[in-house]
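Peer 1: Sending over data.txt (compact mmCIF, C-alpha atoms).
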```txt
# COMPACT_ATOMS: atom_id res chain seq x y z
CA VAL A 1 54.53 -29.48 0.63
CA GLY A 2 54.46 -33.05 2.00
CA ALA A 3 50.75 -32.82 2.83
CA GLY A 4 49.99 -31.62 -0.70
CA ALA A 5 51.96 -34.49 -2.21
CA LEU A 6 50.18 -37.00 0.02
CA PHE A 7 46.81 -35.47 -0.85
CA GLY A 8 47.56 -35.71 -4.58
CA GLY A 9 48.71 -39.30 -4.25
CA LEU A 10 45.60 -40.26 -2.31
CA LEU A 11 43.35 -38.63 -4.93
CA VAL A 12 45.01 -40.73 -7.64
CA PHE A 13 44.70 -43.81 -5.42
CA LEU A 14 40.98 -43.15 -4.90
CA ARG A 15 40.48 -42.85 -8.64
CA TYR A 16 41.78 -46.39 -9.17
CA ASN A 17 40.29 -47.82 -5.97
CA ARG A 18 36.68 -47.25 -7.00
CA PRO A 19 34.64 -50.36 -7.76
CA PRO A 20 35.75 -52.40 -9.59
CA ALA A 21 39.02 -51.63 -7.83
CA LYS A 22 42.26 -51.98 -9.77
CA VAL A 23 44.58 -50.91 -6.94
CA PHE A 24 44.36 -51.82 -3.27
CA MET A 25 46.11 -50.25 -0.29
CA GLY A 26 47.85 -52.67 2.01
CA ASP A 27 49.02 -52.36 5.58
CA SER A 28 52.22 -50.58 4.58
CA GLY A 29 50.32 -47.83 2.80
CA SER A 30 47.70 -47.30 5.48
CA LEU A 31 50.25 -47.40 8.30
CA SER A 32 52.48 -44.91 6.46
CA ILE A 33 49.56 -42.52 6.05
CA GLY A 34 48.70 -42.92 9.74
CA TYR A 35 52.32 -42.23 10.66
CA PHE A 36 52.26 -39.09 8.51
CA PHE A 37 49.15 -37.80 10.27
CA ALA A 38 50.67 -38.60 13.68
CA MET A 39 53.79 -36.60 12.81
CA VAL A 40 51.73 -33.68 11.53
CA ALA A 41 49.77 -33.73 14.80
CA LEU A 42 52.99 -33.65 16.82
CA PHE A 43 54.38 -30.67 14.93
CA ALA A 44 51.10 -28.78 14.56
CA PRO A 45 50.93 -25.41 16.34
CA ILE A 46 47.81 -26.44 18.29
CA LYS A 47 49.63 -27.97 21.27
CA ARG A 48 48.27 -25.31 23.60
CA PHE A 49 44.74 -26.56 22.87
CA THR A 50 45.17 -29.96 24.50
CA ALA A 51 41.52 -30.99 24.22
CA LEU A 52 41.47 -29.98 20.57
CA ALA A 53 44.68 -31.90 19.89
CA PHE A 54 42.97 -35.08 21.14
CA PHE A 55 39.59 -34.30 19.61
CA VAL A 56 40.67 -33.73 15.99
CA PRO A 57 42.28 -37.18 15.42
CA ILE A 58 39.29 -38.88 17.02
CA LEU A 59 37.02 -36.83 14.79
CA ALA A 60 39.05 -37.79 11.72
CA LEU A 61 38.66 -41.46 12.64
CA LEU A 62 34.98 -41.16 13.56
CA LEU A 63 33.57 -43.60 11.01
CA PRO A 64 36.10 -46.43 11.55
CA LEU A 65 35.95 -46.05 15.34
CA LEU A 66 32.14 -46.18 15.42
CA GLU A 67 32.08 -49.15 13.04
CA SER A 68 34.57 -51.04 15.23
CA ALA A 69 32.70 -50.24 18.44
CA PHE A 70 29.35 -51.28 16.97
CA SER A 71 30.84 -54.50 15.56
CA VAL A 72 32.34 -55.57 18.88
CA GLY A 73 29.13 -54.62 20.72
CA ARG A 74 26.86 -56.36 18.22
CA ARG A 75 28.90 -59.58 18.30
CA SER A 76 29.19 -59.57 22.09
CA LEU A 77 25.46 -59.03 22.59
CA ALA A 78 24.74 -61.91 20.21
CA GLY A 79 27.03 -64.15 22.25
CA ASN A 80 29.58 -64.46 19.43
CA ASN A 81 33.31 -63.98 19.53
CA PRO A 82 33.79 -60.19 19.11
CA PHE A 83 37.01 -60.77 17.15
CA ARG A 84 35.52 -63.14 14.57
CA GLY A 85 34.34 -61.58 11.29
CA ASP A 86 30.72 -61.40 10.21
CA THR A 87 28.49 -59.73 7.63
CA GLY A 88 26.81 -57.32 10.02
CA HIS A 89 29.00 -54.32 9.18
CA LEU A 90 27.37 -51.12 8.02
CA HIS A 91 28.64 -51.73 4.49
CA HIS A 92 26.88 -55.11 4.36
CA GLN A 93 23.72 -53.65 5.88
CA LEU A 94 23.63 -50.92 3.24
CA LEU A 95 24.18 -53.49 0.47
CA ARG A 96 21.23 -55.50 1.77
CA ALA A 97 19.21 -52.27 1.91
CA GLY A 98 19.62 -52.00 -1.86
CA LEU A 99 22.47 -49.53 -2.21
CA SER A 100 25.21 -50.26 -4.73
CA HIS A 101 28.92 -50.43 -3.96
CA LYS A 102 29.38 -47.07 -5.68
CA GLN A 103 26.61 -45.43 -3.61
CA ILE A 104 28.09 -46.76 -0.37
CA LEU A 105 31.53 -45.56 -1.41
CA LEU A 106 30.06 -42.12 -2.14
CA ILE A 107 28.43 -42.03 1.31
CA TYR A 108 31.64 -43.07 3.08
CA ASN A 109 33.82 -40.66 1.12
CA SER A 110 31.36 -37.80 1.62
CA VAL A 111 31.26 -38.35 5.38
CA ALA A 112 35.06 -38.54 5.49
CA ALA A 113 35.40 -35.37 3.42
CA VAL A 114 32.98 -33.38 5.57
CA VAL A 115 34.64 -34.58 8.78
CA GLY A 116 38.03 -33.69 7.28
CA VAL A 117 36.80 -30.17 6.51
CA PHE A 118 35.61 -29.89 10.12
CA CYS A 119 39.06 -31.00 11.34
CA VAL A 120 40.74 -28.26 9.33
CA ALA A 121 38.11 -25.68 10.25
CA PHE A 122 38.51 -26.38 13.98
CA ARG A 123 41.98 -24.89 13.74
CA HIS A 124 40.84 -21.63 12.17
CA GLY A 125 37.15 -21.11 12.94
CA ASN A 126 34.80 -20.57 15.85
CA ARG A 127 35.00 -23.89 17.66
CA ARG A 128 31.59 -23.65 19.33
CA VAL A 129 29.78 -23.02 16.06
CA LEU A 130 31.77 -25.76 14.34
CA ALA A 131 31.09 -28.22 17.16
CA ALA A 132 27.36 -27.51 16.91
CA ALA A 133 27.44 -27.89 13.12
CA LEU A 134 29.40 -31.12 13.43
CA GLY A 135 26.91 -32.45 15.96
CA ILE A 136 24.05 -31.69 13.59
CA PHE A 137 25.93 -33.36 10.73
CA VAL A 138 26.66 -36.51 12.74
CA LEU A 139 23.04 -36.73 13.91
CA SER A 140 21.87 -36.27 10.31
CA VAL A 141 24.14 -39.04 9.04
CA VAL A 142 23.14 -41.41 11.84
CA GLY A 143 19.46 -40.56 11.32
CA GLY A 144 19.71 -41.04 7.56
CA LEU A 145 21.44 -44.39 7.93
CA GLY A 146 18.87 -45.38 10.54
CA ILE A 147 16.03 -44.59 8.13
CA ILE A 148 17.68 -46.58 5.32
CA LEU A 149 18.27 -49.61 7.54
CA ARG A 150 14.81 -49.40 9.12
CA ARG A 151 13.16 -49.35 5.69
CA ARG A 152 15.17 -52.44 4.76
CA LYS A 153 13.98 -54.20 7.90
CA LEU A 154 10.35 -53.23 7.27
CA ASP A 155 10.56 -54.35 3.64
CA ALA A 156 12.08 -57.67 4.72
CA ASP A 157 9.33 -58.15 7.33
CA GLU A 158 6.59 -57.40 4.75
CA SER A 159 8.03 -59.79 2.18
CA ALA A 160 8.30 -62.55 4.81
CA THR A 161 4.59 -62.37 5.63
```
Show the structure stored in the file as structure tokens.

Peer 2:
Amino acid sequence: VGAGALFGGLLVFLRYNRPPAKVFMGDSGSLSIGYFFAMVALFAPIKRFTALAFFVPILALLLPLLESAFSVGRRSLAGNNPFRGDTGHLHHQLLRAGLSHKQILLIYNSVAAVVGVFCVAFRHGNRRVLAAALGIFVLSVVGGLGIILRRRKLDADESAT
């Protein structure tokens, strides 16, 4: 019941958080949602699958974790402070590649939805098949983003010459 109520509330939030956003989630909201997911993970009947219990939350946080890791790595390699903000995030790169805010939001939400479906399916389905399908999905997303960003770089190089 609680998960359904949270899901409904988040759907309404997403409706009003689309660009131009009218409602924003602060730290209290995001931390409360994180706490809810942590409690669900503690009480979930998958404790006997220890690897799965660690894998599913990491999978659910795949996009933010990768973005954070790439940001720290990118800043460190450039000799900048890894904790100082910049405009090199994937969102900024996609904006410079010509995508609109709505298109980027659709990409992010689609990736999150598919990964969420995988998280739920891991509990009930064939884990090997799902892991293979997830691997293919992640490689497809990374490849697609790589193509978009590469085209942007090639277009920028051509216009500079």

Peer 1: Determine the nearest neighbour of Gly88 of chain A from the options A:Lys102, A:Arg75, A:Arg15, A:Lys22, counting only C-alpha atoms.

Peer 2: A:Arg75

Peer 1: Leaving out Leu63 of chain A and any residue of its chain fewer than 6 positions from it, which residues lie within 12 Å of it when counting only C-alpha atoms, given as a ChimeraX atom specification?

Peer 2: /A:57,69-70,89-91,107-116,138,141-142

Peer 1: What's the separation between atom CA of Gly98 of chain A and atom CA of Ile147 of chain A, in Å to one decimal place?

Peer 2: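 Those two atoms sit 12.9 Å apart.
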
Peer 1: Just the number, please: distance in Å from atom CA of Leu145 of chain A to atom CA of Ala121 of chain A, one decimal.

Peer 2: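 According to the coordinates, atom CA of Leu145 of chain A and atom CA of Ala121 of chain A are separated by 25.2 Å.
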
Peer 1: Could you check which of A:Val12, A:Phe7, A:Asn126, A:Pro19 is closest to Leu105 of chain A, using only C-alpha atoms?

Peer 2: A:Pro19

Peer 1: For segment 25-31 of chain A, find every residue with an atom within 12 Å (counting only C-alpha atoms), except residues of its own chain fewer than 2 positions away, and show them as number ranges by chain.

Peer 2: A: 6, 9-10, 13-14, 16-18, 21-23, 33-38

Peer 1: Go ahead and save the picked residues with C-alpha atoms, as a short mmCIF file (atom, residue, chain, number, x, y, z; two decimals), keeping the file's coordinate frame.

Peer 2:
```
data_model
loop_
_atom_site.label_atom_id
_atom_site.label_comp_id
_atom_site.auth_asym_id
_atom_site.auth_seq_id
_atom_site.Cartn_x
_atom_site.Cartn_y
_atom_site.Cartn_z
CA LEU A 6 50.18 -37.00 0.02
CA GLY A 9 48.71 -39.30 -4.25
CA LEU A 10 45.60 -40.26 -2.31
CA PHE A 13 44.70 -43.81 -5.42
CA LEU A 14 40.98 -43.15 -4.90
CA TYR A 16 41.78 -46.39 -9.17
CA ASN A 17 40.29 -47.82 -5.97
CA ARG A 18 36.68 -47.25 -7.00
CA ALA A 21 39.02 -51.63 -7.83
CA LYS A 22 42.26 -51.98 -9.77
CA VAL A 23 44.58 -50.91 -6.94
CA ILE A 33 49.56 -42.52 6.05
CA GLY A 34 48.70 -42.92 9.74
CA TYR A 35 52.32 -42.23 10.66
CA PHE A 36 52.26 -39.09 8.51
CA PHE A 37 49.15 -37.80 10.27
CA ALA A 38 50.67 -38.60 13.68
#
```

Peer 1: Calculate how many Å separate atom CA of Leu149 of chain A from atom CA of Ala97 of chain A, rounding to one decimal.

Peer 2: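 Between atom CA of Leu149 of chain A and atom CA of Ala97 of chain A the gap works out to 6.3 Å.
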
Peer 1: For Phe83 of chain A, which of A:Ser71, A:Gln103, A:Ser32, A:Ser159 is the closest residue, counting only C-alpha atoms?

Peer 2: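 Of A:Ser71, A:Gln103, A:Ser32, A:Ser159, the one nearest Phe83 of chain A, counting only C-alpha atoms, is A:Ser71.
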
Peer 1: Which residue is closest to Val72 of chain A? Choose from A:Gly125, A:Leu59, A:Asp86, A:Asp155 and count all atoms listed in the file.

Peer 2: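 Among the listed residues, A:Asp86 lies closest to Val72 of chain A.
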
Peer 1: Regenerate segment 110-121 of chain A at the level of all heavy atoms and dump it as an mmCIF file, in the coordinates of the input.

Peer 2:
```cif
data_model
loop_
_atom_site.group_PDB
_atom_site.id
_atom_site.type_symbol
_atom_site.label_atom_id
_atom_site.label_comp_id
_atom_site.auth_asym_id
_atom_site.auth_seq_id
_atom_site.Cartn_x
_atom_site.Cartn_y
_atom_site.Cartn_z
ATOM 1 N N SER A 110 31.964 -39.091 1.292
ATOM 2 C CA SER A 110 31.360 -37.800 1.620
ATOM 3 C C SER A 110 31.454 -37.514 3.116
ATOM 4 O O SER A 110 31.792 -36.401 3.530
ATOM 5 C CB SER A 110 29.894 -37.761 1.177
ATOM 6 O OG SER A 110 29.793 -37.911 -0.209
ATOM 7 N N VAL A 111 31.154 -38.522 3.921
ATOM 8 C CA VAL A 111 31.260 -38.350 5.380
ATOM 9 C C VAL A 111 32.700 -38.047 5.756
ATOM 10 O O VAL A 111 32.966 -37.130 6.546
ATOM 11 C CB VAL A 111 30.736 -39.610 6.112
ATOM 12 C CG1 VAL A 111 31.086 -39.571 7.589
ATOM 13 C CG2 VAL A 111 29.236 -39.739 5.933
ATOM 14 N N ALA A 112 33.648 -38.787 5.182
ATOM 15 C CA ALA A 112 35.060 -38.540 5.490
ATOM 16 C C ALA A 112 35.498 -37.154 5.054
ATOM 17 O O ALA A 112 36.240 -36.476 5.775
ATOM 18 C CB ALA A 112 35.929 -39.606 4.815
ATOM 19 N N ALA A 113 35.033 -36.698 3.904
ATOM 20 C CA ALA A 113 35.400 -35.370 3.420
ATOM 21 C C ALA A 113 34.834 -34.271 4.314
ATOM 22 O O ALA A 113 35.549 -33.318 4.664
ATOM 23 C CB ALA A 113 34.917 -35.173 1.987
ATOM 24 N N VAL A 114 33.585 -34.400 4.701
ATOM 25 C CA VAL A 114 32.980 -33.380 5.570
ATOM 26 C C VAL A 114 33.668 -33.360 6.921
ATOM 27 O O VAL A 114 33.979 -32.284 7.455
ATOM 28 C CB VAL A 114 31.454 -33.626 5.713
ATOM 29 C CG1 VAL A 114 30.849 -32.738 6.782
ATOM 30 C CG2 VAL A 114 30.758 -33.396 4.375
ATOM 31 N N VAL A 115 33.945 -34.529 7.493
ATOM 32 C CA VAL A 115 34.640 -34.580 8.780
ATOM 33 C C VAL A 115 36.043 -34.008 8.647
ATOM 34 O O VAL A 115 36.523 -33.289 9.533
ATOM 35 C CB VAL A 115 34.646 -36.026 9.336
ATOM 36 C CG1 VAL A 115 35.547 -36.145 10.543
ATOM 37 C CG2 VAL A 115 33.240 -36.456 9.702
ATOM 38 N N GLY A 116 36.707 -34.267 7.520
ATOM 39 C CA GLY A 116 38.030 -33.690 7.280
ATOM 40 C C GLY A 116 37.988 -32.176 7.215
ATOM 41 O O GLY A 116 38.864 -31.491 7.752
ATOM 42 N N VAL A 117 36.959 -31.635 6.571
ATOM 43 C CA VAL A 117 36.800 -30.170 6.510
ATOM 44 C C VAL A 117 36.589 -29.625 7.924
ATOM 45 O O VAL A 117 37.153 -28.589 8.285
ATOM 46 C CB VAL A 117 35.628 -29.796 5.581
ATOM 47 C CG1 VAL A 117 35.245 -28.338 5.735
ATOM 48 C CG2 VAL A 117 36.002 -30.095 4.129
ATOM 49 N N PHE A 118 35.802 -30.325 8.735
ATOM 50 C CA PHE A 118 35.610 -29.890 10.120
ATOM 51 C C PHE A 118 36.930 -29.899 10.881
ATOM 52 O O PHE A 118 37.211 -28.998 11.669
ATOM 53 C CB PHE A 118 34.587 -30.765 10.842
ATOM 54 C CG PHE A 118 33.168 -30.338 10.638
ATOM 55 C CD1 PHE A 118 32.305 -31.105 9.883
ATOM 56 C CD2 PHE A 118 32.691 -29.167 11.189
ATOM 57 C CE1 PHE A 118 31.003 -30.717 9.687
ATOM 58 C CE2 PHE A 118 31.389 -28.768 11.005
ATOM 59 C CZ PHE A 118 30.537 -29.548 10.250
ATOM 60 N N CYS A 119 37.759 -30.918 10.647
ATOM 61 C CA CYS A 119 39.060 -31.000 11.340
ATOM 62 C C CYS A 119 39.926 -29.788 11.002
ATOM 63 O O CYS A 119 40.557 -29.205 11.888
ATOM 64 C CB CYS A 119 39.792 -32.282 10.958
ATOM 65 S SG CYS A 119 39.089 -33.758 11.669
ATOM 66 N N VAL A 120 39.957 -29.424 9.737
ATOM 67 C CA VAL A 120 40.740 -28.260 9.330
ATOM 68 C C VAL A 120 40.114 -26.980 9.873
ATOM 69 O O VAL A 120 40.803 -26.083 10.371
ATOM 70 C CB VAL A 120 40.874 -28.205 7.793
ATOM 71 C CG1 VAL A 120 41.520 -26.915 7.349
ATOM 72 C CG2 VAL A 120 41.669 -29.399 7.297
ATOM 73 N N ALA A 121 38.800 -26.883 9.805
ATOM 74 C CA ALA A 121 38.110 -25.680 10.250
ATOM 75 C C ALA A 121 38.243 -25.455 11.757
ATOM 76 O O ALA A 121 38.239 -24.309 12.215
ATOM 77 C CB ALA A 121 36.640 -25.743 9.851
#
```
